[in-house]
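Notes to accompany the following structure.
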Amino acid sequence: MGVEIYYFSGSGNSLVVARDVSTKLNAKMTPIMSVLNQERIESEADIIGMVFPIYDFQPPEFMTRFISKIKNIQSKYLFALCTYGITPGQSLKHLEKTIKSFGGHLSLGFAVEMPQNGLGSGKITKIQQEKMFGNWKARADGICEDIENRKNKKIETSILFFNLLKTQKIRLIPVFLKFLYQVSFKGLDSLAFTSDENCTGCGTCQQICTQNNIQLVNHKPSWSNHCINCFACLNWCPNKAIHPGDADLSIKNYHHPEVKISDMILK
Ligand SMILES: Cc1cc2nc3c(=O)[nH]c(=O)nc-3n(C[C@H](O)[C@H](O)[C@H](O)COP(=O)(O)O)c2cc1C
C-alpha cells in the first residue's frame, strides 16, 4: 500500500497539514504545481490525498485540471483535506462532484481551520492562531487512522452564517463589506497587487510565485495576468511591501510559523 499526497499552499497552512499527514502515513509528497502541466498524472500509490486551501468558498480552480489528469482515478482510494480561514462551506462537496465527473470517488473529506491568509488576516490574534494549530494537531492522528483503514465518511461541510457565529468570525464582516464596496465602485482592478517604497527589489515574490507571474522590472515586481490569488507574494514579502491596491482590508503578512520560505519554493 502506497500513499501519495499532492498539495498546494500559498502561506504554508496546507503544507503543514500535508507534511503532518505524510509523516504519519509515510507518504510521498508532491506539489500539485510540479505535475499540473503533465499530460497525465501517474502515481504508483493506491491511496491518493489532496491538500489545498479554499478560495472564495471553492477549491482553487486548478484542482479540476489536476483531477482530470489523474490516471486510473477510478481504482484509487481518494481523500482530501482543505484548509480554510473563515468557513469551508460546500467546497469539499464541489470537489466530490468534480472527482465523480472524472470517474473517481472521494472517500474522505476533512476541513481544517487555519489562520486566514487573505482579507481580514490582520484581525486574527496569536492566541486564535495557536488554538487552530493545536486543534489540527489533535485531529491529525484520527484522520490518519481513517485513511489507513480506508474509511468512507460523510464529506465535511459547513453553513456559512452558523460557522461565522460559532467561530466569532462575524467580526470579519465589516472587512468583507469594505471589499464588496471597493469591487463594486472601483472595480476588481483597483485591488491589483502593487509594491510600496519599502520594496528593496529582493525578488522573494518572484521566487515564491508558482505561476511565474512576477517579473522584476527596474528592481520592482510587475505582475502579469495569470495570478491564482494565493497571496504568497504578499505573505512572504520580507519587507511587508506588497498590497492589493490601497484599500484597508485588514491584511497583514502571515505565514505558518512551522514553514520556511525554502520549503515553499518549487525546486
Ligand atoms: C484569495 C483568497 C480567498 C480565500 N477565500 C476563502 C474562503 O472563501 N473561505 C475560507 O474559509 N477561507 C478563504 N481563504 C483563506 C484560506 O483558505 C486559508 O487561510 C488557507 O488556510 C490558506 O492556506 P495556505 O496557507 O496553504 O495557502 C482565502 C484566502 C485567499 C488568499
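We name chains A, B, ... following the order of the C-alpha cells; residues begin at 1 in each chain, and ligands are numbered from 1 as shown.
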
Protein and nucleic acid residues within 8 Å of ligand 1 (only C-alpha atoms and all ligand atoms) as a PyMOL selection string: chain A and resi 8-16+52-58+82-89+112-119+229-232+255-256

For Ser75 (chain A), work out the shell of residues within 12 Å, counting only C-alpha atoms and skipping chain neighbours fewer than 2 positions away, then give it as number ranges by chain. A: 43-48, 70-73, 77-78, 102-106

Take the residues that were just selected and, keeping all heavy atoms, output them as a CSV table (one decimal), in the first residue's frame.
```csv
chain,number,residue,atom,x,y,z
A,43,SER,N,0.5,7.9,-10.7
A,43,SER,CA,1.0,7.6,-9.4
A,43,SER,C,1.0,6.1,-9.1
A,43,SER,O,0.0,5.4,-9.5
A,43,SER,CB,0.2,8.3,-8.3
A,43,SER,OG,0.6,8.0,-7.0
A,44,GLU,N,2.1,5.6,-8.5
A,44,GLU,CA,2.1,4.2,-8.2
A,44,GLU,C,1.3,3.9,-6.9
A,44,GLU,O,0.9,2.8,-6.7
A,44,GLU,CB,3.6,3.7,-8.0
A,44,GLU,CG,4.3,3.6,-9.3
A,44,GLU,CD,5.7,3.3,-9.1
A,44,GLU,OE1,6.2,3.0,-8.0
A,44,GLU,OE2,6.4,3.2,-10.2
A,45,ALA,N,1.0,5.0,-6.2
A,45,ALA,CA,0.3,4.8,-4.9
A,45,ALA,C,-1.1,4.4,-5.2
A,45,ALA,O,-1.8,4.8,-6.1
A,45,ALA,CB,0.3,6.1,-4.1
A,46,ASP,N,-1.7,3.5,-4.3
A,46,ASP,CA,-3.1,3.2,-4.4
A,46,ASP,C,-4.0,4.1,-3.5
A,46,ASP,O,-5.2,4.1,-3.7
A,46,ASP,CB,-3.4,1.7,-4.2
A,46,ASP,CG,-2.8,1.2,-3.0
A,46,ASP,OD1,-2.2,2.0,-2.2
A,46,ASP,OD2,-2.9,0.0,-2.7
A,47,ILE,N,-3.4,4.9,-2.6
A,47,ILE,CA,-4.1,5.9,-1.9
A,47,ILE,C,-3.6,7.3,-2.3
A,47,ILE,O,-2.4,7.5,-2.2
A,47,ILE,CB,-3.9,5.7,-0.4
A,47,ILE,CG1,-4.5,4.3,0.0
A,47,ILE,CG2,-4.6,6.8,0.4
A,47,ILE,CD1,-4.4,4.1,1.5
A,48,ILE,N,-4.5,8.1,-2.7
A,48,ILE,CA,-4.0,9.5,-3.1
A,48,ILE,C,-4.8,10.5,-2.3
A,48,ILE,O,-6.0,10.5,-2.1
A,48,ILE,CB,-4.3,9.7,-4.6
A,48,ILE,CG1,-3.4,8.8,-5.4
A,48,ILE,CG2,-4.2,11.1,-5.0
A,48,ILE,CD1,-3.3,9.0,-6.9
A,70,ILE,N,-5.5,12.7,-13.4
A,70,ILE,CA,-5.0,11.6,-12.6
A,70,ILE,C,-5.4,10.3,-13.3
A,70,ILE,O,-6.5,10.0,-13.7
A,70,ILE,CB,-5.7,11.5,-11.2
A,70,ILE,CG1,-5.4,12.8,-10.4
A,70,ILE,CG2,-5.2,10.3,-10.4
A,70,ILE,CD1,-6.1,12.9,-9.1
A,71,LYS,N,-4.3,9.5,-13.6
A,71,LYS,CA,-4.5,8.3,-14.4
A,71,LYS,C,-5.1,7.2,-13.5
A,71,LYS,O,-4.8,7.1,-12.3
A,71,LYS,CB,-3.1,7.8,-14.9
A,71,LYS,CG,-3.3,6.8,-16.0
A,71,LYS,CD,-2.0,6.5,-16.7
A,71,LYS,CE,-2.1,5.3,-17.6
A,71,LYS,NZ,-0.9,4.7,-17.9
A,72,ASN,N,-6.1,6.4,-14.0
A,72,ASN,CA,-6.7,5.4,-13.2
A,72,ASN,C,-7.4,5.9,-12.0
A,72,ASN,O,-7.3,5.2,-10.9
A,72,ASN,CB,-5.8,4.2,-12.9
A,72,ASN,CG,-5.2,3.5,-14.1
A,72,ASN,OD1,-5.9,3.5,-15.1
A,72,ASN,ND2,-4.0,3.0,-14.0
A,73,ILE,N,-8.0,7.0,-12.0
A,73,ILE,CA,-8.6,7.6,-10.8
A,73,ILE,C,-9.7,6.7,-10.2
A,73,ILE,O,-9.8,6.6,-9.0
A,73,ILE,CB,-9.2,9.0,-11.1
A,73,ILE,CG1,-9.5,9.8,-9.8
A,73,ILE,CG2,-10.4,8.9,-12.1
A,73,ILE,CD1,-9.8,11.2,-10.0
A,77,TYR,N,-8.0,5.0,-4.0
A,77,TYR,CA,-8.7,5.4,-2.8
A,77,TYR,C,-8.3,6.9,-2.6
A,77,TYR,O,-7.1,7.2,-2.4
A,77,TYR,CB,-8.3,4.5,-1.6
A,77,TYR,CG,-8.9,5.0,-0.3
A,77,TYR,CD1,-10.1,4.6,0.2
A,77,TYR,CD2,-8.2,6.0,0.5
A,77,TYR,CE1,-10.7,5.1,1.4
A,77,TYR,CE2,-8.7,6.4,1.7
A,77,TYR,CZ,-10.0,6.0,2.1
A,77,TYR,OH,-10.5,6.5,3.3
A,78,LEU,N,-9.3,7.8,-2.6
A,78,LEU,CA,-9.0,9.2,-2.6
A,78,LEU,C,-9.5,9.9,-1.3
A,78,LEU,O,-10.6,9.6,-0.8
A,78,LEU,CB,-9.7,9.9,-3.7
A,78,LEU,CG,-9.4,9.4,-5.2
A,78,LEU,CD1,-10.3,10.1,-6.2
A,78,LEU,CD2,-8.0,9.6,-5.5
A,102,PHE,N,-15.1,12.7,-13.1
A,102,PHE,CA,-13.9,12.1,-13.8
A,102,PHE,C,-13.8,10.6,-13.5
A,102,PHE,O,-12.8,10.0,-13.7
A,102,PHE,CB,-12.6,12.8,-13.5
A,102,PHE,CG,-12.6,14.2,-14.2
A,102,PHE,CD1,-12.8,15.3,-13.4
A,102,PHE,CD2,-12.5,14.3,-15.6
A,102,PHE,CE1,-12.9,16.6,-14.0
A,102,PHE,CE2,-12.5,15.6,-16.2
A,102,PHE,CZ,-12.7,16.7,-15.4
A,103,GLY,N,-14.8,10.0,-12.9
A,103,GLY,CA,-14.9,8.6,-12.6
A,103,GLY,C,-14.3,8.1,-11.3
A,103,GLY,O,-14.3,6.9,-11.0
A,104,GLY,N,-14.0,9.0,-10.4
A,104,GLY,CA,-13.4,8.6,-9.1
A,104,GLY,C,-14.4,8.8,-8.0
A,104,GLY,O,-15.5,9.2,-8.2
A,105,HIS,N,-14.0,8.4,-6.8
A,105,HIS,CA,-14.8,8.5,-5.6
A,105,HIS,C,-14.0,9.1,-4.5
A,105,HIS,O,-13.0,8.6,-4.1
A,105,HIS,CB,-15.4,7.2,-5.3
A,105,HIS,CG,-16.1,7.2,-3.9
A,105,HIS,ND1,-17.3,7.8,-3.8
A,105,HIS,CD2,-15.8,6.7,-2.7
A,105,HIS,CE1,-17.7,7.7,-2.5
A,105,HIS,NE2,-16.8,7.0,-1.9
A,106,LEU,N,-14.5,10.2,-3.9
A,106,LEU,CA,-13.9,10.8,-2.7
A,106,LEU,C,-14.4,10.1,-1.5
A,106,LEU,O,-15.6,10.3,-1.1
A,106,LEU,CB,-14.1,12.3,-2.7
A,106,LEU,CG,-13.5,13.1,-1.6
A,106,LEU,CD1,-11.9,13.1,-1.7
A,106,LEU,CD2,-14.0,14.5,-1.5
```

Could you list, with a cut-off of 8 Å and counting only C-alpha atoms, the residues of region 76-152 of chain A near region 24-32 of chain A, each shown with its nearest atom pair and the distance in Å rounded to one decimal, rows sorted by chain and ascending number, as JSON lines?
```
{"residue": "A:Asp141", "atom": "CA", "partner": "A:Lys24", "partner_atom": "CA", "distance": 7.8}
{"residue": "A:Cys144", "atom": "CA", "partner": "A:Leu25", "partner_atom": "CA", "distance": 6.9}
{"residue": "A:Glu148", "atom": "CA", "partner": "A:Leu25", "partner_atom": "CA", "distance": 7.7}
```

Take the residues from that selection and write them out as a PDB file, in the first residue's frame, keeping N, CA, C and O atoms.
```
ATOM      1  N   ASP A 141      -4.122  12.530  14.178  1.00  0.00           N
ATOM      2  CA  ASP A 141      -4.000  11.072  14.345  1.00  0.00           C
ATOM      3  C   ASP A 141      -5.268  10.346  13.901  1.00  0.00           C
ATOM      4  O   ASP A 141      -5.207   9.340  13.201  1.00  0.00           O
ATOM      5  N   CYS A 144      -5.604  10.290  10.175  1.00  0.00           N
ATOM      6  CA  CYS A 144      -4.669   9.332   9.557  1.00  0.00           C
ATOM      7  C   CYS A 144      -5.152   7.895   9.756  1.00  0.00           C
ATOM      8  O   CYS A 144      -5.006   7.063   8.868  1.00  0.00           O
ATOM      9  N   GLU A 148      -5.772   5.202   6.852  1.00  0.00           N
ATOM     10  CA  GLU A 148      -5.136   3.872   6.850  1.00  0.00           C
ATOM     11  C   GLU A 148      -6.165   2.747   6.762  1.00  0.00           C
ATOM     12  O   GLU A 148      -5.936   1.731   6.133  1.00  0.00           O
TER      13      GLU A 148
END
```

Considering only C-alpha atoms, tabulate each residue of region 160-197 of chain A that lies at most 12 Å from region 212-218 of chain A along with its nearest interatomic pair and the corresponding distance in Å to one decimal; arrange the rows by chain and ascending residue number and present them as JSON lines.
```
{"residue": "A:Phe193", "atom": "CA", "partner": "A:Ile214", "partner_atom": "CA", "distance": 10.4}
{"residue": "A:Thr194", "atom": "CA", "partner": "A:Ile214", "partner_atom": "CA", "distance": 11.1}
{"residue": "A:Ser195", "atom": "CA", "partner": "A:Leu216", "partner_atom": "CA", "distance": 11.2}
```

Same residues, N, CA and C atoms, saved as an mmCIF file, in the first residue's frame:
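again-v3.cif was written with the following content:
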```cif
data_model
loop_
_atom_site.group_PDB
_atom_site.id
_atom_site.type_symbol
_atom_site.label_atom_id
_atom_site.label_comp_id
_atom_site.auth_asym_id
_atom_site.auth_seq_id
_atom_site.Cartn_x
_atom_site.Cartn_y
_atom_site.Cartn_z
ATOM 1 N N PHE A 193 -2.259 43.762 -7.161
ATOM 2 C CA PHE A 193 -1.078 43.870 -6.289
ATOM 3 C C PHE A 193 -0.160 44.997 -6.740
ATOM 4 N N THR A 194 0.373 45.708 -5.743
ATOM 5 C CA THR A 194 1.392 46.730 -6.012
ATOM 6 C C THR A 194 2.448 46.625 -4.911
ATOM 7 N N SER A 195 3.612 47.216 -5.163
ATOM 8 C CA SER A 195 4.615 47.253 -4.088
ATOM 9 C C SER A 195 4.835 48.710 -3.702
#
```

Can you pull out every residue within 10 Å of Ile242 (chain A), counting only C-alpha atoms, but drop anything in the same chain fewer than 5 positions away, and send it as a PyMOL selection string? chain A and resi 193-199+205+221+231+233-237+253

So that I have them on file, write out the residues from the current selection with N, CA and C atoms, as a PDB file, in the first residue's frame.
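The result, stored in part_1.pdb:
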```pdb
ATOM      1  N   PHE A 193      -2.259  43.762  -7.161  1.00  0.00           N
ATOM      2  CA  PHE A 193      -1.078  43.870  -6.289  1.00  0.00           C
ATOM      3  C   PHE A 193      -0.160  44.997  -6.740  1.00  0.00           C
ATOM      4  N   THR A 194       0.373  45.708  -5.743  1.00  0.00           N
ATOM      5  CA  THR A 194       1.392  46.730  -6.012  1.00  0.00           C
ATOM      6  C   THR A 194       2.448  46.625  -4.911  1.00  0.00           C
ATOM      7  N   SER A 195       3.612  47.216  -5.163  1.00  0.00           N
ATOM      8  CA  SER A 195       4.615  47.253  -4.088  1.00  0.00           C
ATOM      9  C   SER A 195       4.835  48.710  -3.702  1.00  0.00           C
ATOM     10  N   ASP A 196       5.179  48.939  -2.435  1.00  0.00           N
ATOM     11  CA  ASP A 196       5.376  50.325  -1.993  1.00  0.00           C
ATOM     12  C   ASP A 196       6.869  50.656  -1.847  1.00  0.00           C
ATOM     13  N   GLU A 197       7.161  51.788  -1.229  1.00  0.00           N
ATOM     14  CA  GLU A 197       8.551  52.272  -1.138  1.00  0.00           C
ATOM     15  C   GLU A 197       9.436  51.379  -0.262  1.00  0.00           C
ATOM     16  N   ASN A 198       8.825  50.446   0.502  1.00  0.00           N
ATOM     17  CA  ASN A 198       9.655  49.532   1.316  1.00  0.00           C
ATOM     18  C   ASN A 198      10.251  48.389   0.497  1.00  0.00           C
ATOM     19  N   CYS A 199       9.816  48.279  -0.740  1.00  0.00           N
ATOM     20  CA  CYS A 199      10.318  47.192  -1.604  1.00  0.00           C
ATOM     21  C   CYS A 199      11.800  47.440  -1.899  1.00  0.00           C
ATOM     22  N   CYS A 205       9.286  37.657  -3.977  1.00  0.00           N
ATOM     23  CA  CYS A 205       7.948  37.462  -4.575  1.00  0.00           C
ATOM     24  C   CYS A 205       8.054  36.694  -5.888  1.00  0.00           C
ATOM     25  N   PRO A 221       8.657  44.538  -8.459  1.00  0.00           N
ATOM     26  CA  PRO A 221       7.826  43.478  -9.046  1.00  0.00           C
ATOM     27  C   PRO A 221       6.766  44.024  -9.997  1.00  0.00           C
ATOM     28  N   PHE A 231      -1.869  34.720  -2.727  1.00  0.00           N
ATOM     29  CA  PHE A 231      -1.336  35.714  -1.793  1.00  0.00           C
ATOM     30  C   PHE A 231       0.065  35.361  -1.277  1.00  0.00           C
ATOM     31  N   CYS A 233       2.956  36.026  -2.646  1.00  0.00           N
ATOM     32  CA  CYS A 233       3.882  37.161  -2.834  1.00  0.00           C
ATOM     33  C   CYS A 233       3.736  38.154  -1.680  1.00  0.00           C
ATOM     34  N   LEU A 234       2.470  38.435  -1.346  1.00  0.00           N
ATOM     35  CA  LEU A 234       2.215  39.398  -0.256  1.00  0.00           C
ATOM     36  C   LEU A 234       2.673  38.809   1.086  1.00  0.00           C
ATOM     37  N   ASN A 235       2.279  37.568   1.335  1.00  0.00           N
ATOM     38  CA  ASN A 235       2.516  36.994   2.668  1.00  0.00           C
ATOM     39  C   ASN A 235       3.986  36.700   2.960  1.00  0.00           C
ATOM     40  N   TRP A 236       4.779  36.448   1.920  1.00  0.00           N
ATOM     41  CA  TRP A 236       6.186  36.106   2.165  1.00  0.00           C
ATOM     42  C   TRP A 236       7.125  37.288   1.939  1.00  0.00           C
ATOM     43  N   CYS A 237       6.597  38.450   1.585  1.00  0.00           N
ATOM     44  CA  CYS A 237       7.468  39.610   1.345  1.00  0.00           C
ATOM     45  C   CYS A 237       8.189  39.970   2.648  1.00  0.00           C
ATOM     46  N   ASN A 253       0.889  40.479   6.816  1.00  0.00           N
ATOM     47  CA  ASN A 253       1.699  39.347   6.324  1.00  0.00           C
ATOM     48  C   ASN A 253       1.537  38.178   7.262  1.00  0.00           C
TER      49      ASN A 253
END
```

Mind listing the alpha helix (DSSP H) residues of region 175-254 of chain A, per DSSP on the backbone, as JSON, numbers by chain? {"A": [175, 176, 177, 178, 179, 180, 181, 182, 183, 184, 185, 186, 204, 205, 206, 207, 208, 232, 233, 234, 235, 236]}

Can I get the selection written as a compact mmCIF listing (two decimals), in the first residue's frame, with C-alpha atoms?
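This went into out.txt:
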```
# COMPACT_ATOMS: atom_id res chain seq x y z
CA VAL A 175 -13.86 43.83 6.10
CA PHE A 176 -15.93 41.92 3.55
CA LEU A 177 -18.34 44.82 3.22
CA LYS A 178 -15.38 47.14 2.53
CA PHE A 179 -14.12 44.63 -0.05
CA LEU A 180 -17.55 44.49 -1.75
CA TYR A 181 -17.76 48.29 -1.76
CA GLN A 182 -14.28 48.58 -3.30
CA VAL A 183 -15.02 45.99 -6.02
CA SER A 184 -18.47 47.42 -6.81
CA PHE A 185 -17.43 51.08 -7.04
CA LYS A 186 -13.78 50.94 -8.08
CA THR A 204 11.37 36.92 -2.98
CA CYS A 205 7.95 37.46 -4.57
CA GLN A 206 9.27 36.35 -7.95
CA GLN A 207 10.81 33.22 -6.42
CA ILE A 208 7.75 32.22 -4.40
CA ALA A 232 2.10 34.06 -1.47
CA CYS A 233 3.88 37.16 -2.83
CA LEU A 234 2.21 39.40 -0.26
CA ASN A 235 2.52 36.99 2.67
CA TRP A 236 6.19 36.11 2.16
```

Would you pick out the contacts of His94 (chain A) at 9 Å or less, using only C-alpha atoms, so that residues sharing its chain but fewer than 4 positions from it are not included, and give the list as a PDB file with all heavy atoms, in the first residue's frame?
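Heads up, here's the output in part17.pdb:
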```
ATOM      1  N   GLN A  58     -14.582  27.798  -2.599  1.00  0.00           N
ATOM      2  CA  GLN A  58     -14.409  26.725  -3.589  1.00  0.00           C
ATOM      3  C   GLN A  58     -12.990  26.180  -3.460  1.00  0.00           C
ATOM      4  O   GLN A  58     -12.097  26.903  -3.009  1.00  0.00           O
ATOM      5  CB  GLN A  58     -14.486  27.295  -5.014  1.00  0.00           C
ATOM      6  CG  GLN A  58     -15.750  28.004  -5.387  1.00  0.00           C
ATOM      7  CD  GLN A  58     -16.760  27.051  -5.964  1.00  0.00           C
ATOM      8  OE1 GLN A  58     -16.449  25.906  -6.270  1.00  0.00           O
ATOM      9  NE2 GLN A  58     -17.990  27.503  -6.105  1.00  0.00           N
ATOM     10  N   PRO A  59     -12.771  24.965  -3.959  1.00  0.00           N
ATOM     11  CA  PRO A  59     -11.376  24.556  -4.132  1.00  0.00           C
ATOM     12  C   PRO A  59     -10.758  25.455  -5.216  1.00  0.00           C
ATOM     13  O   PRO A  59     -11.494  25.952  -6.077  1.00  0.00           O
ATOM     14  CB  PRO A  59     -11.487  23.111  -4.644  1.00  0.00           C
ATOM     15  CG  PRO A  59     -12.880  22.680  -4.341  1.00  0.00           C
ATOM     16  CD  PRO A  59     -13.727  23.921  -4.342  1.00  0.00           C
ATOM     17  N   GLN A  90     -19.395  24.585   1.132  1.00  0.00           N
ATOM     18  CA  GLN A  90     -19.664  23.308   0.443  1.00  0.00           C
ATOM     19  C   GLN A  90     -18.464  22.892  -0.435  1.00  0.00           C
ATOM     20  O   GLN A  90     -18.612  22.070  -1.345  1.00  0.00           O
ATOM     21  CB  GLN A  90     -20.908  23.458  -0.450  1.00  0.00           C
ATOM     22  CG  GLN A  90     -22.158  23.883   0.298  1.00  0.00           C
ATOM     23  CD  GLN A  90     -22.613  22.842   1.319  1.00  0.00           C
ATOM     24  OE1 GLN A  90     -22.725  21.667   1.002  1.00  0.00           O
ATOM     25  NE2 GLN A  90     -22.837  23.276   2.555  1.00  0.00           N
ATOM     26  N   THR A  98     -16.673  16.966  -8.644  1.00  0.00           N
ATOM     27  CA  THR A  98     -15.678  17.026  -9.722  1.00  0.00           C
ATOM     28  C   THR A  98     -15.007  15.665  -9.881  1.00  0.00           C
ATOM     29  O   THR A  98     -14.847  15.163 -10.991  1.00  0.00           O
ATOM     30  CB  THR A  98     -14.611  18.112  -9.393  1.00  0.00           C
ATOM     31  OG1 THR A  98     -15.276  19.324  -9.138  1.00  0.00           O
ATOM     32  CG2 THR A  98     -13.608  18.284 -10.509  1.00  0.00           C
ATOM     33  N   ILE A  99     -14.635  15.079  -8.745  1.00  0.00           N
ATOM     34  CA  ILE A  99     -13.963  13.772  -8.796  1.00  0.00           C
ATOM     35  C   ILE A  99     -14.889  12.738  -9.440  1.00  0.00           C
ATOM     36  O   ILE A  99     -14.478  11.945 -10.297  1.00  0.00           O
ATOM     37  CB  ILE A  99     -13.531  13.352  -7.370  1.00  0.00           C
ATOM     38  CG1 ILE A  99     -12.365  14.239  -6.906  1.00  0.00           C
ATOM     39  CG2 ILE A  99     -13.151  11.875  -7.313  1.00  0.00           C
ATOM     40  CD1 ILE A  99     -11.914  14.026  -5.469  1.00  0.00           C
TER      41      ILE A  99
END
```

Any chance you could list, as a PyMOL selection string, the residues in region 30-264 of chain A that come up strand (DSSP E) when DSSP is run on the backbone? chain A and resi 30-31+47-53+77-84+106-113+193-195+214-217+220-223+242-244

Hey, can you spit out that residue selection with N, CA and C atoms as a compact mmCIF listing (two decimals), in the first residue's frame?
```txt
# COMPACT_ATOMS: atom_id res chain seq x y z
N THR A 30 3.98 15.47 -3.11
CA THR A 30 4.25 16.05 -4.42
C THR A 30 3.50 17.37 -4.56
N PRO A 31 4.21 18.47 -4.87
CA PRO A 31 3.47 19.74 -5.10
C PRO A 31 2.62 19.61 -6.37
N ILE A 47 -3.35 4.88 -2.65
CA ILE A 47 -4.09 5.90 -1.88
C ILE A 47 -3.56 7.27 -2.28
N ILE A 48 -4.47 8.13 -2.71
CA ILE A 48 -4.04 9.47 -3.13
C ILE A 48 -4.76 10.52 -2.29
N GLY A 49 -3.96 11.44 -1.74
CA GLY A 49 -4.53 12.54 -0.95
C GLY A 49 -4.33 13.86 -1.67
N MET A 50 -5.24 14.78 -1.40
CA MET A 50 -5.12 16.13 -1.97
C MET A 50 -5.26 17.12 -0.82
N VAL A 51 -4.34 18.06 -0.73
CA VAL A 51 -4.42 19.06 0.35
C VAL A 51 -4.29 20.45 -0.30
N PHE A 52 -5.21 21.33 0.03
CA PHE A 52 -5.25 22.63 -0.67
C PHE A 52 -6.03 23.64 0.17
N PRO A 53 -5.85 24.94 -0.10
CA PRO A 53 -6.65 25.97 0.60
C PRO A 53 -7.97 26.21 -0.12
N TYR A 77 -7.99 4.96 -3.97
CA TYR A 77 -8.72 5.39 -2.77
C TYR A 77 -8.33 6.86 -2.57
N LEU A 78 -9.33 7.75 -2.58
CA LEU A 78 -9.03 9.20 -2.57
C LEU A 78 -9.50 9.88 -1.28
N PHE A 79 -8.65 10.76 -0.76
CA PHE A 79 -9.08 11.59 0.37
C PHE A 79 -8.63 13.03 0.13
N ALA A 80 -9.32 13.95 0.78
CA ALA A 80 -8.98 15.38 0.61
C ALA A 80 -8.99 16.08 1.95
N LEU A 81 -8.07 17.02 2.09
CA LEU A 81 -8.05 17.90 3.27
C LEU A 81 -7.96 19.33 2.74
N CYS A 82 -8.98 20.13 3.05
CA CYS A 82 -8.85 21.53 2.65
C CYS A 82 -8.54 22.33 3.91
N THR A 83 -7.77 23.39 3.77
CA THR A 83 -7.59 24.31 4.90
C THR A 83 -8.37 25.58 4.57
N TYR A 84 -8.96 26.17 5.60
CA TYR A 84 -9.80 27.35 5.37
C TYR A 84 -9.61 28.35 6.51
N LEU A 106 -14.54 10.19 -3.89
CA LEU A 106 -13.86 10.80 -2.74
C LEU A 106 -14.38 10.11 -1.47
N SER A 107 -13.50 9.36 -0.79
CA SER A 107 -13.95 8.59 0.38
C SER A 107 -13.94 9.41 1.66
N LEU A 108 -12.97 10.32 1.79
CA LEU A 108 -12.89 11.14 3.00
C LEU A 108 -12.62 12.59 2.60
N GLY A 109 -13.29 13.52 3.27
CA GLY A 109 -13.02 14.94 3.02
C GLY A 109 -13.08 15.70 4.32
N PHE A 110 -11.95 16.25 4.76
CA PHE A 110 -11.89 16.95 6.04
C PHE A 110 -11.56 18.42 5.80
N ALA A 111 -12.20 19.28 6.60
CA ALA A 111 -11.91 20.72 6.51
C ALA A 111 -11.16 21.13 7.77
N VAL A 112 -10.00 21.73 7.60
CA VAL A 112 -9.13 22.08 8.73
C VAL A 112 -9.06 23.59 8.86
N GLU A 113 -9.48 24.10 10.00
CA GLU A 113 -9.43 25.56 10.21
C GLU A 113 -8.00 26.00 10.46
N PHE A 193 -2.26 43.76 -7.16
CA PHE A 193 -1.08 43.87 -6.29
C PHE A 193 -0.16 45.00 -6.74
N THR A 194 0.37 45.71 -5.74
CA THR A 194 1.39 46.73 -6.01
C THR A 194 2.45 46.62 -4.91
N SER A 195 3.61 47.22 -5.16
CA SER A 195 4.62 47.25 -4.09
C SER A 195 4.83 48.71 -3.70
N ILE A 214 5.39 36.85 -11.81
CA ILE A 214 6.01 38.11 -11.35
C ILE A 214 7.40 38.24 -11.96
N GLN A 215 7.65 39.38 -12.54
CA GLN A 215 8.98 39.70 -13.06
C GLN A 215 9.47 40.95 -12.35
N LEU A 216 10.79 41.06 -12.18
CA LEU A 216 11.31 42.31 -11.63
C LEU A 216 11.63 43.25 -12.79
N VAL A 217 11.02 44.41 -12.76
CA VAL A 217 11.28 45.42 -13.78
C VAL A 217 11.84 46.63 -13.05
N LYS A 220 11.68 46.29 -9.31
CA LYS A 220 10.36 46.30 -8.65
C LYS A 220 9.51 45.19 -9.28
N PRO A 221 8.66 44.54 -8.46
CA PRO A 221 7.83 43.48 -9.05
C PRO A 221 6.77 44.02 -10.00
N SER A 222 6.56 43.24 -11.06
CA SER A 222 5.50 43.59 -12.00
C SER A 222 4.71 42.30 -12.24
N TRP A 223 3.38 42.37 -12.06
CA TRP A 223 2.54 41.18 -12.11
C TRP A 223 1.93 41.02 -13.50
N ILE A 242 4.11 44.56 -0.14
CA ILE A 242 3.13 44.25 -1.20
C ILE A 242 1.71 44.38 -0.65
N HIS A 243 0.83 45.03 -1.44
CA HIS A 243 -0.56 45.27 -1.02
C HIS A 243 -1.49 45.07 -2.21
N PRO A 244 -2.73 44.61 -1.92
CA PRO A 244 -3.71 44.60 -3.00
C PRO A 244 -4.39 45.97 -3.08
```

Å distance separating CA of Arg40 (chain A) from CA of Phe66 (chain A), one decimal place: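 Distance between the two atoms: 9.1 Å.
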
Which residue of A:Ile155, A:Leu160, A:Val259, A:Ile170 approaches Glu96 (chain A) most closely, using only C-alpha atoms: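 For Glu96 (chain A), the nearest of the given residues is A:Ile155.
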
Rank nothing, just name the residue among A:Lys252, A:Thr210, A:Gly245, A:Ser158 nearest to Met264 (chain A), using only C-alpha atoms. A:Thr210

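Distance-wise, CA of Asn152 (chain A) and CA of Lys93 (chain A) end up 14.2 Å apart.
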
Atom pair CA of Asn37 (chain A) + CA of Lys69 (chain A), distance 9.4 Å
